[in-house]
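Raw entry_15.txt, compact mmCIF, C-alpha atoms:
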# COMPACT_ATOMS: atom_id res chain seq x y z
CA PHE P 1472 0.00 0.00 0.00
CA TYR P 1473 3.01 2.32 -0.16
CA LYS P 1474 2.24 5.69 -1.76
CA GLU P 1475 -1.29 4.66 -2.66
CA ASN P 1476 -4.67 6.29 -2.08
CA VAL P 1477 -6.82 3.97 -0.02
CA THR P 1478 -10.23 4.01 1.63
CA ILE P 1479 -10.87 2.67 5.10
CA LYS P 1480 -14.40 1.65 6.05
CA ALA P 1481 -16.08 0.27 9.19
CA GLU P 1482 -19.51 -1.24 9.66
CA ILE P 1483 -21.61 -2.17 12.67
CA SER P 1484 -24.53 -4.50 12.00
CA GLY P 1485 -24.27 -3.63 8.32
CA ILE P 1486 -24.44 0.13 8.91
CA LEU P 1487 -21.50 2.08 7.53
CA VAL P 1488 -20.16 3.97 10.54
CA PHE P 1489 -16.90 5.22 9.07
CA THR P 1490 -15.35 5.88 5.68
CA TRP P 1491 -12.23 7.91 4.92
CA ASN P 1492 -9.83 8.34 2.03
CA PHE P 1493 -6.13 8.91 2.70
CA SER P 1494 -2.73 8.51 1.10
CA THR P 1495 -0.28 6.01 2.49
CA ALA P 1496 2.54 8.22 1.27
CA LYS P 1497 1.85 10.78 3.92
CA PRO P 1498 -1.25 9.99 6.01
CA SER P 1499 -2.56 12.92 8.01
CA ASN P 1500 -5.25 13.62 10.58
CA GLY P 1501 -8.77 14.20 9.32
CA THR P 1502 -11.51 16.43 10.71
CA LEU P 1503 -15.14 16.62 9.68
CA PRO P 1504 -16.33 20.09 8.72
CA VAL P 1505 -19.35 21.71 10.39
CA VAL P 1506 -18.97 19.65 13.57
CA ASN P 1507 -15.19 20.20 13.77
CA LYS P 1508 -14.80 16.60 14.89
CA LYS P 1509 -11.49 14.81 14.49
CA VAL P 1510 -12.44 11.39 13.14
CA PHE P 1511 -9.13 10.22 11.68
CA ASN P 1512 -6.03 10.39 13.85
CA VAL P 1513 -2.55 9.34 12.72
CA THR P 1514 0.26 8.58 15.15
CA LYS P 1515 3.66 6.97 14.74
CA GLY P 1516 4.70 4.18 17.05
CA SER P 1517 8.15 3.64 18.58
CA ASN P 1518 8.84 0.94 16.02
CA GLY P 1519 8.03 3.29 13.17
CA ALA P 1520 4.63 1.78 12.46
CA ILE P 1521 1.78 4.12 11.60
CA ASN P 1522 -1.22 3.81 13.97
CA LEU P 1523 -4.64 4.92 12.80
CA THR P 1524 -7.46 5.81 15.23
CA ILE P 1525 -10.94 6.36 13.83
CA ALA P 1526 -14.10 7.81 15.39
CA LEU P 1527 -17.19 5.76 14.59
CA SER P 1528 -20.59 7.30 13.99
CA VAL P 1529 -22.32 5.85 17.01
CA VAL P 1530 -24.58 7.79 19.36
CA LYS P 1531 -24.67 7.28 23.11
CA VAL P 1532 -28.27 6.50 23.99
CA GLN P 1533 -30.41 5.65 27.00
CA ALA P 1534 -34.05 4.60 26.98
CA ILE P 1535 -36.43 3.52 29.72
CA VAL P 1536 -39.64 1.56 29.19
CA LYS P 1537 -42.53 2.20 31.58
CA ASP P 1538 -46.03 0.79 31.92
CA SER P 1539 -49.22 2.73 31.27
CA GLY P 1540 -50.45 2.25 34.83
CA VAL P 1541 -52.16 4.90 36.89
CA THR P 1542 -49.73 7.76 37.57
CA PRO P 1543 -46.93 7.47 38.50
CA VAL P 1544 -46.10 4.97 35.80
CA GLN P 1545 -43.63 2.28 36.81
CA PRO P 1546 -40.53 0.88 35.05
CA LEU P 1547 -41.20 -2.25 33.01
CA GLU P 1548 -38.58 -4.86 33.80
CA GLY P 1549 -38.07 -8.16 32.00
CA ALA P 1550 -39.53 -7.07 28.67
CA ILE P 1551 -38.25 -8.36 25.33
CA VAL P 1552 -37.16 -5.43 23.16
CA ILE P 1553 -36.50 -5.46 19.42
CA ILE P 1554 -34.64 -2.43 18.02
CA GLN P 1555 -34.89 -2.05 14.26
CA ALA P 1556 -32.99 0.29 11.95
CA PRO P 1557 -34.60 0.75 8.53
CA GLY P 1558 -33.35 -1.91 6.15
CA TYR P 1559 -31.05 -3.64 8.62
CA ASP P 1560 -31.17 -6.66 10.92
CA PRO P 1561 -32.95 -6.17 14.26
CA ILE P 1562 -31.17 -5.98 17.60
CA ASN P 1563 -32.82 -8.34 20.10
CA THR P 1564 -32.41 -7.21 23.68
CA TYR P 1565 -34.31 -6.69 26.98
CA THR P 1566 -35.12 -4.27 29.78
CA ASP P 1567 -33.21 -4.52 33.03
CA GLY P 1568 -34.57 -4.42 36.59
CA ALA P 1569 -34.99 -0.64 36.41
CA GLY P 1570 -36.80 -0.75 33.05
CA TYR P 1571 -33.83 0.47 30.98
CA ILE P 1572 -33.16 -1.02 27.55
CA ALA P 1573 -29.88 -2.91 27.39
CA PHE P 1574 -28.05 -1.44 24.37
CA PRO P 1575 -24.86 -2.56 22.64
CA PRO P 1576 -22.09 -3.28 23.36
CA TYR P 1577 -22.89 -6.64 24.92
CA THR P 1578 -20.74 -8.74 27.22
CA ILE P 1579 -21.07 -12.52 27.02
CA LEU P 1580 -21.55 -13.92 30.51
CA GLY P 1581 -21.86 -17.61 29.69
CA GLY P 1582 -23.31 -20.17 27.38
CA GLY P 1583 -24.66 -23.65 26.97
CA SER P 1584 -27.29 -25.51 25.03
CA THR P 1585 -30.83 -26.78 25.33
CA PRO P 1586 -31.62 -30.53 25.51
CA SER P 1587 -32.17 -30.35 21.75
CA ALA P 1588 -28.65 -28.92 21.26
CA ASN P 1589 -29.77 -25.36 20.46
CA PRO P 1590 -27.11 -22.92 21.65
CA ILE P 1591 -27.74 -20.60 24.58
CA VAL P 1592 -25.71 -17.42 25.02
CA ALA P 1593 -26.19 -15.27 28.11
CA ARG P 1594 -25.15 -11.67 27.57
CA LYS P 1595 -25.37 -8.39 29.39
CA GLY P 1596 -26.04 -5.10 27.65
CA SER P 1597 -25.04 -1.54 28.47
CA ASN P 1598 -26.95 1.37 29.96
CA PRO P 1599 -26.38 3.82 28.51
CA GLY P 1600 -25.12 2.14 25.36
CA TYR P 1601 -24.51 2.95 21.71
CA LEU P 1602 -26.43 2.67 18.45
CA PRO P 1603 -24.83 3.04 15.02
CA VAL P 1604 -25.87 5.87 12.68
CA PRO P 1605 -24.79 6.13 9.02
CA PHE P 1606 -21.55 8.09 8.78
CA ASP P 1607 -22.81 10.27 5.94
CA LEU P 1608 -25.29 11.93 8.35
CA ALA P 1609 -22.49 13.33 10.54
CA THR P 1610 -22.61 16.88 9.17
CA THR P 1611 -26.21 17.05 7.93
CA GLY P 1612 -28.13 17.45 11.19
CA LYS P 1613 -30.63 14.89 9.91
CA LEU P 1614 -32.29 12.50 12.34
CA TYR P 1615 -31.91 8.73 12.08
CA ARG P 1616 -34.87 6.65 13.16
CA TYR P 1617 -34.96 3.38 15.05
CA THR P 1618 -38.27 1.67 15.79
CA VAL P 1619 -38.70 -0.21 19.05
CA THR P 1620 -40.97 -3.24 19.56
CA VAL P 1621 -41.77 -4.27 23.14
CA LEU P 1622 -43.06 -7.69 24.18
CA TYR P 1623 -44.16 -8.41 27.75
CA ALA P 1624 -45.65 -11.27 29.73
CA LEU P 1625 -47.86 -11.00 32.81
CA PRO P 1626 -45.51 -11.60 35.78
CA GLY P 1627 -45.30 -15.31 36.55
CA THR P 1628 -46.28 -16.33 33.01
CA GLU P 1629 -44.36 -16.92 29.79
CA ASN P 1630 -46.79 -15.75 27.10
CA PHE P 1631 -45.16 -12.61 25.74
CA VAL P 1632 -47.58 -10.13 24.20
CA ASP P 1633 -46.91 -7.20 21.89
CA VAL P 1634 -47.25 -4.07 24.06
CA THR P 1635 -45.39 -1.72 21.71
CA PRO P 1636 -46.03 1.95 22.51
CA ASP P 1637 -47.88 4.09 19.97
CA ASN P 1638 -44.82 6.35 19.97
CA ASN P 1639 -42.13 3.72 19.44
CA VAL P 1640 -39.50 5.69 17.53
CA ILE P 1641 -36.04 6.65 18.74
CA THR P 1642 -34.62 9.51 16.65
CA LEU P 1643 -30.87 10.01 16.90
CA ASN P 1644 -28.98 13.16 15.91
CA LEU P 1645 -25.39 12.23 15.03
CA THR P 1646 -24.42 15.84 14.29
CA ASP P 1647 -25.60 16.94 17.71
CA TYR P 1648 -23.78 14.04 19.38
CA PHE P 1649 -20.49 14.84 17.62
CA VAL P 1650 -20.78 18.45 18.85
CA LYS P 1651 -22.00 17.89 22.42
CA CYS P 1652 -21.05 14.25 23.18
CA SER P 1653 -24.13 14.05 25.45
CA VAL P 1654 -26.44 11.08 26.02
CA GLN P 1655 -29.64 11.16 23.98
CA SER P 1656 -32.42 9.91 26.26
CA PHE P 1657 -35.89 8.54 25.60
CA GLN P 1658 -38.94 7.27 27.49
CA LEU P 1659 -41.32 4.68 26.03
CA ILE P 1660 -44.76 4.00 27.55
CA ALA P 1661 -45.78 0.40 26.86
CA LYS P 1662 -49.38 -0.80 26.68
CA VAL P 1663 -49.27 -2.48 30.08
CA TYR P 1664 -52.00 -1.67 32.56
CA ASN P 1665 -53.24 -1.92 36.14
CA VAL P 1666 -56.43 -3.80 37.02
CA ASN P 1667 -58.44 -3.29 40.21
CA MET P 1668 -61.18 -5.74 41.17
CA LYS P 1669 -63.57 -5.95 44.09
CA VAL P 1670 -65.40 -8.95 45.54
CA VAL P 1671 -68.70 -8.53 47.44
CA ASP P 1672 -71.53 -10.70 48.75
CA LEU P 1673 -75.21 -10.49 47.83
CA CYS P 1674 -75.65 -7.62 50.28
CA GLY P 1675 -72.81 -5.63 48.69
CA ARG P 1676 -70.49 -6.22 51.63
CA PRO P 1677 -66.80 -6.79 50.85
CA LEU P 1678 -65.55 -10.36 51.17
CA THR P 1679 -62.14 -10.38 52.84
CA SER P 1680 -59.56 -12.64 54.40
CA ALA P 1681 -61.04 -11.65 57.77
CA ASP P 1682 -64.20 -13.52 56.76
CA ASP P 1683 -62.20 -16.56 55.66
CA PRO P 1684 -58.39 -16.67 55.99
CA ASN P 1685 -58.30 -19.16 53.11
CA ALA P 1686 -60.46 -17.08 50.77
CA THR P 1687 -58.92 -17.02 47.30
CA LEU P 1688 -59.90 -15.36 44.07
CA ILE P 1689 -59.06 -17.70 41.19
CA LEU P 1690 -58.33 -15.81 38.01
CA THR P 1691 -58.05 -17.21 34.51
CA TYR P 1692 -56.08 -14.85 32.31
CA THR P 1693 -56.16 -15.19 28.52
CA PRO P 1694 -53.53 -13.07 26.74
CA PRO P 1695 -54.23 -11.57 23.33
CA GLN P 1696 -51.98 -14.26 21.91
CA GLY P 1697 -51.52 -17.54 23.74
CA SER P 1698 -53.25 -20.03 26.00
CA PRO P 1699 -55.21 -19.30 29.20
CA ILE P 1700 -53.31 -19.20 32.50
CA THR P 1701 -54.91 -19.69 35.92
CA PHE P 1702 -53.50 -18.24 39.13
CA ASN P 1703 -54.68 -17.25 42.61
CA ALA P 1704 -54.93 -13.92 44.37
CA GLY P 1705 -55.72 -13.12 48.00
CA LEU P 1706 -58.45 -10.69 49.06
CA GLY P 1707 -57.57 -7.32 50.55
CA LYS P 1708 -59.11 -5.90 53.72
CA ASP P 1709 -61.83 -4.18 51.70
CA GLY P 1710 -62.43 -7.07 49.31
CA THR P 1711 -60.13 -5.64 46.65
CA VAL P 1712 -57.62 -7.33 44.39
CA PHE P 1713 -54.88 -5.43 42.56
CA ILE P 1714 -53.19 -6.90 39.48
CA GLY P 1715 -50.31 -4.88 38.12
CA LYS P 1716 -48.55 -4.93 34.77
CA VAL P 1717 -51.26 -6.58 32.68
CA PRO P 1718 -50.43 -6.66 28.94
CA GLY P 1719 -54.05 -6.59 27.79
CA GLY P 1720 -56.20 -9.69 27.41
CA THR P 1721 -59.20 -10.95 29.39
CA PHE P 1722 -59.96 -12.26 32.88
CA THR P 1723 -62.62 -14.59 34.24
CA VAL P 1724 -62.93 -15.17 37.98
CA LYS P 1725 -64.11 -17.69 40.53
CA LEU P 1726 -64.06 -17.53 44.31
CA ALA P 1727 -63.00 -20.22 46.76
CA PHE P 1728 -64.73 -19.19 49.98
CA LYS P 1729 -65.45 -21.21 53.11
CA GLY P 1730 -64.84 -24.47 51.33
CA VAL P 1731 -66.95 -23.78 48.24
CA LEU P 1732 -65.79 -22.87 44.73
CA MET P 1733 -68.34 -20.55 43.15
CA SER P 1734 -68.87 -18.39 40.09
CA PRO P 1735 -70.04 -14.78 40.34
CA VAL P 1736 -73.71 -13.93 39.90
CA SER P 1737 -72.81 -10.53 38.47
CA GLY P 1738 -69.74 -8.72 37.15
CA PRO P 1739 -68.00 -8.51 33.77
CA SER P 1740 -67.33 -11.96 32.33
CA PRO P 1741 -64.94 -11.84 30.74
CA LEU P 1742 -63.27 -8.67 31.94
CA VAL P 1743 -61.61 -7.20 28.85
CA VAL P 1744 -58.44 -5.21 29.55
CA THR P 1745 -57.62 -2.60 26.92
CA GLY P 1746 -56.56 0.09 29.39
CA ASN P 1747 -56.29 0.79 33.10
CA ILE P 1748 -59.18 -0.41 35.25
CA ALA P 1749 -58.70 2.00 38.12
CA ASN P 1750 -62.31 2.26 39.32
CA TYR P 1751 -63.46 -0.79 41.27
CA SER P 1752 -67.00 -0.29 39.96
CA GLN P 1753 -65.76 -1.40 36.54
CA ALA P 1754 -64.80 -4.82 37.91
CA THR P 1755 -66.96 -5.56 40.96
CA TYR P 1756 -67.98 -9.20 41.27
CA THR P 1757 -70.93 -10.35 43.38
CA PHE P 1758 -70.84 -13.93 44.66
CA PRO P 1759 -73.66 -16.04 46.16
CA VAL P 1760 -72.60 -15.40 49.74
CA GLY P 1761 -74.91 -14.08 52.42
CA ASP P 1762 -76.43 -14.63 55.86
CA ILE P 1763 -78.59 -17.57 56.96
CA LYS P 1764 -80.95 -17.66 59.92
CA PHE P 1765 -82.48 -20.87 61.30
CA ARG P 1766 -85.21 -21.08 63.93
CA VAL P 1767 -85.03 -24.22 66.04
CA THR P 1768 -88.29 -25.36 67.67
CA GLN P 1769 -89.79 -28.38 69.34
CA TRP P 1770 -91.13 -30.96 66.92
CA ASP P 1771 -94.62 -31.11 68.38
CA GLU P 1772 -95.14 -27.50 69.36
CA LYS P 1773 -93.41 -24.60 67.59
CA LEU P 1774 -91.79 -23.36 70.75
CA PRO P 1775 -88.18 -22.11 70.48
CA LEU P 1776 -85.35 -24.29 71.73
CA VAL P 1777 -82.74 -22.24 73.57
CA ASN P 1778 -78.98 -22.92 73.73
CA ILE P 1779 -78.97 -25.52 70.98
CA SER P 1780 -75.65 -25.91 69.21
CA VAL P 1781 -76.08 -25.68 65.42
CA THR P 1782 -73.20 -26.76 63.18
CA LEU P 1783 -73.01 -25.98 59.48
CA ASP P 1784 -70.69 -28.34 57.59
CA TYR P 1785 -69.72 -27.99 53.93
CA TYR P 1786 -68.40 -31.08 52.11
CA LYS P 1787 -66.72 -31.74 48.81
CA GLY P 1788 -67.45 -35.41 48.27
CA THR P 1789 -66.64 -37.00 51.62
CA MET P 1790 -64.10 -34.35 52.63
CA LYS P 1791 -65.23 -31.66 55.02
CA THR P 1792 -64.08 -28.30 53.63
CA TYR P 1793 -65.57 -25.88 56.14
CA THR P 1794 -67.38 -25.96 59.48
CA GLU P 1795 -68.99 -23.28 61.61
CA THR P 1796 -70.96 -23.55 64.85
CA ALA P 1797 -73.36 -21.12 66.51
CA THR P 1798 -75.90 -21.28 69.36
CA THR P 1799 -79.62 -20.50 69.37
CA GLY P 1800 -80.85 -17.54 71.39
CA CYS P 1801 -83.95 -17.18 73.52
CA ASP P 1802 -86.08 -16.95 70.36
CA GLY P 1803 -84.59 -20.18 69.01
CA ILE P 1804 -82.86 -18.32 66.17
CA VAL P 1805 -79.27 -18.96 65.13
CA SER P 1806 -77.43 -16.88 62.52
CA PHE P 1807 -74.53 -17.59 60.19
CA THR P 1808 -72.89 -14.59 58.54
CA LYS P 1809 -71.33 -14.54 55.08
CA VAL P 1810 -71.63 -18.20 54.17
CA PRO P 1811 -71.99 -19.76 50.70
CA LEU P 1812 -75.65 -19.87 49.65
CA SER P 1813 -75.19 -21.81 46.44
CA VAL P 1814 -73.26 -25.03 45.87
CA ASP P 1815 -72.78 -27.42 42.99
CA THR P 1816 -74.79 -30.38 44.25
CA SER P 1817 -72.84 -32.76 42.02
CA LEU P 1818 -69.71 -31.91 43.99
CA ASN P 1819 -70.75 -30.35 47.27
CA SER P 1820 -73.16 -30.95 50.11
CA VAL P 1821 -74.19 -29.06 53.24
CA ILE P 1822 -75.09 -30.81 56.49
CA ILE P 1823 -76.73 -29.11 59.47
CA THR P 1824 -76.27 -30.78 62.86
CA LEU P 1825 -78.19 -29.87 66.03
CA GLN P 1826 -76.85 -30.80 69.47
CA THR P 1827 -77.89 -30.13 73.02
CA ARG P 1828 -75.45 -28.40 75.36
CA ASN P 1829 -74.78 -28.53 79.06
CA ASP P 1830 -76.70 -25.26 79.38
CA THR P 1831 -79.69 -26.27 77.26
CA PRO P 1832 -82.80 -25.92 79.49
CA TYR P 1833 -85.46 -28.56 80.17
CA ILE P 1834 -83.23 -31.59 79.55
CA ARG P 1835 -81.69 -34.15 81.89
CA HIS P 1836 -78.15 -33.08 82.74
CA PRO P 1837 -75.63 -34.51 82.13
CA LYS P 1838 -77.37 -37.52 80.59
CA ASP P 1839 -78.87 -35.59 77.69
CA ASP P 1840 -75.91 -33.25 77.08
CA ASN P 1841 -74.47 -33.26 73.54
CA LEU P 1842 -77.28 -35.30 72.05
CA VAL P 1843 -77.67 -35.00 68.28

Mind turning the file's structure into structure tokens?
Amino acid sequence: FYKENVTIKAEISGILVFTWNFSTAKPSNGTLPVVNKKVFNVTKGSNGAINLTIALSVVKVQAIVKDSGVTPVQPLEGAIVIIQAPGYDPINTYTDGAGYIAFPPYTILGGGSTPSANPIVARKGSNPGYLPVPFDLATTGKLYRYTVTVLYALPGTENFVDVTPDNNVITLNLTDYFVKCSVQSFQLIAKVYNVNMKVVDLCGRPLTSADDPNATLILTYTPPQGSPITFNAGLGKDGTVFIGKVPGGTFTVKLAFKGVLMSPVSGPSPLVVTGNIANYSQATYTFPVGDIKFRVTQWDEKLPLVNISVTLDYYKGTMKTYTETATTGCDGIVSFTKVPLSVDTSLNSVIITLQTRNDTPYIRHPKDDNLV
């Protein structure tokens, strides 16, 4: 190459990020006009060799992805992100624990293979990182566009759904970066929402864990693409259930309460999520739970029996799933509060047992105590 005119070029992911013509007879430093940026630096080593240092047309960039939840929106971690330059191969990456996109350069942390011998490469990206911009835009001030696709799965599931923001473009200004050398930052709001539900009985009273420590709302979530997924949620003190970071889709619900699995008698079914459901009235479910009163009397005369122990047992097959006992008052009435009023008779049964007590009047004590 002695005394020849040559061109040096560099590419990143197919994008030309440097090109420069120089003479090997007497190579000299090169500076871009307009931005006054030295992009070609020539030095001579101790052994007489000529060293060339080039400045690539990459822009330092940082971008955070957040959900569309009720303000303040929260960072969206664990999303799959696809960054696409026009006409070039996509960059497949992810969001970190703080919701930031992991940009190039990437560091390989480890590797392996699946049981079917497909390779696995674990890599860590950079925040902030760099994206290549065509070198010929360096002095034009023109913007270079990347589009960003975001995929997200409801936490605890593996069905990733397209939640790409409406505004999903990153526009980079190489000229500005060469002048200022400052990070170009972006915020993307993904279509991931918050859902608030409320569970009440037939009287409109909230059903809570105080009513039944084992009370569980069973939700079946169907993503826009993929198969249904069922999971459980506990009930809050006011009968509410909060589900965060929902990437659209639908919900159906059932309630396991005091040993009985039941469907709601009212409420949206399915609940379609296309935005935030912040108002509980939009997703209030009423279940067949209420109060029962029994009046216990003598068999021959309808006179009240006082201090009779009444036990309400719920069964699934032969297994007892819930039991509750109360005592009749002076009017012979016994009350049970917030108990299931509807059961599937092919699966469940309810048995009521009456027993005398040691304080039941007009019986022979202790001979007739605890008689069924």

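Atom pair atom CA of Asn1703 of chain P / atom CA of Tyr1571 of chain P has a distance of 29.7 Å (rounded to one decimal).
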
Write out as a PDB file with C-alpha atoms, in the coordinates of the input which residues come within 12 Å of segment 1783-1792 of chain P when counting all atoms listed in the file, dropping same-chain ones fewer than 3 positions away.
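So result_17.pdb came out as:
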ATOM      1  CA  ASN P1685     -58.300 -19.160  53.110  1.00  0.00           C
ATOM      2  CA  ALA P1727     -63.000 -20.220  46.760  1.00  0.00           C
ATOM      3  CA  PHE P1728     -64.730 -19.190  49.980  1.00  0.00           C
ATOM      4  CA  LYS P1729     -65.450 -21.210  53.110  1.00  0.00           C
ATOM      5  CA  GLY P1730     -64.840 -24.470  51.330  1.00  0.00           C
ATOM      6  CA  VAL P1731     -66.950 -23.780  48.240  1.00  0.00           C
ATOM      7  CA  LEU P1732     -65.790 -22.870  44.730  1.00  0.00           C
ATOM      8  CA  ILE P1763     -78.590 -17.570  56.960  1.00  0.00           C
ATOM      9  CA  LYS P1764     -80.950 -17.660  59.920  1.00  0.00           C
ATOM     10  CA  PHE P1765     -82.480 -20.870  61.300  1.00  0.00           C
ATOM     11  CA  SER P1780     -75.650 -25.910  69.210  1.00  0.00           C
ATOM     12  CA  GLU P1795     -68.990 -23.280  61.610  1.00  0.00           C
ATOM     13  CA  THR P1796     -70.960 -23.550  64.850  1.00  0.00           C
ATOM     14  CA  ALA P1797     -73.360 -21.120  66.510  1.00  0.00           C
ATOM     15  CA  THR P1798     -75.900 -21.280  69.360  1.00  0.00           C
ATOM     16  CA  VAL P1805     -79.270 -18.960  65.130  1.00  0.00           C
ATOM     17  CA  SER P1806     -77.430 -16.880  62.520  1.00  0.00           C
ATOM     18  CA  PHE P1807     -74.530 -17.590  60.190  1.00  0.00           C
ATOM     19  CA  THR P1808     -72.890 -14.590  58.540  1.00  0.00           C
ATOM     20  CA  VAL P1810     -71.630 -18.200  54.170  1.00  0.00           C
ATOM     21  CA  PRO P1811     -71.990 -19.760  50.700  1.00  0.00           C
ATOM     22  CA  LEU P1812     -75.650 -19.870  49.650  1.00  0.00           C
ATOM     23  CA  SER P1813     -75.190 -21.810  46.440  1.00  0.00           C
ATOM     24  CA  VAL P1814     -73.260 -25.030  45.870  1.00  0.00           C
ATOM     25  CA  ASP P1815     -72.780 -27.420  42.990  1.00  0.00           C
ATOM     26  CA  THR P1816     -74.790 -30.380  44.250  1.00  0.00           C
ATOM     27  CA  SER P1817     -72.840 -32.760  42.020  1.00  0.00           C
ATOM     28  CA  LEU P1818     -69.710 -31.910  43.990  1.00  0.00           C
ATOM     29  CA  ASN P1819     -70.750 -30.350  47.270  1.00  0.00           C
ATOM     30  CA  SER P1820     -73.160 -30.950  50.110  1.00  0.00           C
ATOM     31  CA  VAL P1821     -74.190 -29.060  53.240  1.00  0.00           C
ATOM     32  CA  ILE P1822     -75.090 -30.810  56.490  1.00  0.00           C
ATOM     33  CA  ILE P1823     -76.730 -29.110  59.470  1.00  0.00           C
ATOM     34  CA  THR P1824     -76.270 -30.780  62.860  1.00  0.00           C
ATOM     35  CA  LEU P1825     -78.190 -29.870  66.030  1.00  0.00           C
ATOM     36  CA  GLN P1826     -76.850 -30.800  69.470  1.00  0.00           C
TER      37      GLN P1826
END

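For the pair atom CA of Thr1490 of chain P and atom CA of Pro1603 of chain P, the separation is 13.6 Å.
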
Around segment 1505-1518 of chain P, fit a box with edges along x, y and z, padding it by 8 Å on each side, then list its centre and edge lengths in Å to one decimal as AutoDock Vina command-line options.
--center_x -5.3 --center_y 11.3 --center_z 14.5 --size_x 44.2 --size_y 36.8 --size_z 24.2

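Straight-line separation from atom CA of Thr1794 of chain P to atom CA of Lys1669 of chain P: 25.5 Å.
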
*Nearest to Phe1649 of chain P: which of P:Pro1504, P:Gly1485, P:Gly1761, P:Pro1543 is it, counting only C-alpha atoms?*
P:Pro1504

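When all atoms listed in the file are used to measure the gap to Ile1700 of chain P, the shortest distance among P:Tyr1751, P:Tyr1833, P:Phe1722, P:Tyr1648 belongs to P:Phe1722.
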
*asked:* Applying 6 Å and all atoms listed in the file, which residues near Phe1606 of chain P remain after dropping the ones on its own chain fewer than 3 positions away? List them as a list in words.
replied: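 Listed by chain and then number, they are Val1488, Phe1489, Ser1528 and Ala1609 of chain P.
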
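Remark: for Thr1566 of chain P, the closest of the candidate residues P:Leu1622, P:Ile1579, P:Leu1614, P:Leu1643 is P:Leu1622 (distances computed over all atoms listed in the file).
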
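For the set P:Ser1517, P:Asn1507, P:Ser1597, P:Asn1829, the residue with the smallest atom-to-atom gap to Asn1841 of chain P is P:Asn1829, counting all atoms listed in the file.
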
*Could you give me, as a PyMOL selection string, the residues that have an atom at most 8 Å away from the point (-57.0, -6.0, 33.0) in the coordinates of the file, using all atoms listed in the file?*
chain P and resi 1664-1667+1714+1717-1722+1742-1748

*Mind listing whatever residues come within 9 Å of the point (-83.3, -17.1, 69.9)? Use all atoms listed in the file, file coordinates, and give them as a list in words.*
Arg1766, Val1767, Pro1775, Leu1776, Val1777, Asn1778, Thr1798, Thr1799, Gly1800, Cys1801, Asp1802, Gly1803, Ile1804 and Val1805 of chain P

Same residues, C-alpha atoms, saved as a PDB file, in the frame of the given file:
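What landed in part_30.pdb:
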ATOM      1  CA  ARG P1766     -85.210 -21.080  63.930  1.00  0.00           C
ATOM      2  CA  VAL P1767     -85.030 -24.220  66.040  1.00  0.00           C
ATOM      3  CA  PRO P1775     -88.180 -22.110  70.480  1.00  0.00           C
ATOM      4  CA  LEU P1776     -85.350 -24.290  71.730  1.00  0.00           C
ATOM      5  CA  VAL P1777     -82.740 -22.240  73.570  1.00  0.00           C
ATOM      6  CA  ASN P1778     -78.980 -22.920  73.730  1.00  0.00           C
ATOM      7  CA  THR P1798     -75.900 -21.280  69.360  1.00  0.00           C
ATOM      8  CA  THR P1799     -79.620 -20.500  69.370  1.00  0.00           C
ATOM      9  CA  GLY P1800     -80.850 -17.540  71.390  1.00  0.00           C
ATOM     10  CA  CYS P1801     -83.950 -17.180  73.520  1.00  0.00           C
ATOM     11  CA  ASP P1802     -86.080 -16.950  70.360  1.00  0.00           C
ATOM     12  CA  GLY P1803     -84.590 -20.180  69.010  1.00  0.00           C
ATOM     13  CA  ILE P1804     -82.860 -18.320  66.170  1.00  0.00           C
ATOM     14  CA  VAL P1805     -79.270 -18.960  65.130  1.00  0.00           C
TER      15      VAL P1805
END

Any idea what's packed within 12 Å of Lys1809 of chain P, counting only C-alpha atoms, ignoring anything in its chain fewer than 4 positions away? Could you give it as a PDB file with C-alpha atoms, in the frame of the given file?
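What follows is the written file selection_35.pdb:
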ATOM      1  CA  VAL P1671     -68.700  -8.530  47.440  1.00  0.00           C
ATOM      2  CA  ASP P1672     -71.530 -10.700  48.750  1.00  0.00           C
ATOM      3  CA  LEU P1673     -75.210 -10.490  47.830  1.00  0.00           C
ATOM      4  CA  CYS P1674     -75.650  -7.620  50.280  1.00  0.00           C
ATOM      5  CA  GLY P1675     -72.810  -5.630  48.690  1.00  0.00           C
ATOM      6  CA  ARG P1676     -70.490  -6.220  51.630  1.00  0.00           C
ATOM      7  CA  PRO P1677     -66.800  -6.790  50.850  1.00  0.00           C
ATOM      8  CA  LEU P1678     -65.550 -10.360  51.170  1.00  0.00           C
ATOM      9  CA  THR P1679     -62.140 -10.380  52.840  1.00  0.00           C
ATOM     10  CA  SER P1680     -59.560 -12.640  54.400  1.00  0.00           C
ATOM     11  CA  ALA P1681     -61.040 -11.650  57.770  1.00  0.00           C
ATOM     12  CA  ASP P1682     -64.200 -13.520  56.760  1.00  0.00           C
ATOM     13  CA  ASP P1683     -62.200 -16.560  55.660  1.00  0.00           C
ATOM     14  CA  ALA P1686     -60.460 -17.080  50.770  1.00  0.00           C
ATOM     15  CA  PHE P1728     -64.730 -19.190  49.980  1.00  0.00           C
ATOM     16  CA  LYS P1729     -65.450 -21.210  53.110  1.00  0.00           C
ATOM     17  CA  PHE P1758     -70.840 -13.930  44.660  1.00  0.00           C
ATOM     18  CA  PRO P1759     -73.660 -16.040  46.160  1.00  0.00           C
ATOM     19  CA  VAL P1760     -72.600 -15.400  49.740  1.00  0.00           C
ATOM     20  CA  GLY P1761     -74.910 -14.080  52.420  1.00  0.00           C
ATOM     21  CA  ASP P1762     -76.430 -14.630  55.860  1.00  0.00           C
ATOM     22  CA  ILE P1763     -78.590 -17.570  56.960  1.00  0.00           C
ATOM     23  CA  LYS P1764     -80.950 -17.660  59.920  1.00  0.00           C
ATOM     24  CA  GLU P1795     -68.990 -23.280  61.610  1.00  0.00           C
ATOM     25  CA  SER P1813     -75.190 -21.810  46.440  1.00  0.00           C
TER      26      SER P1813
END
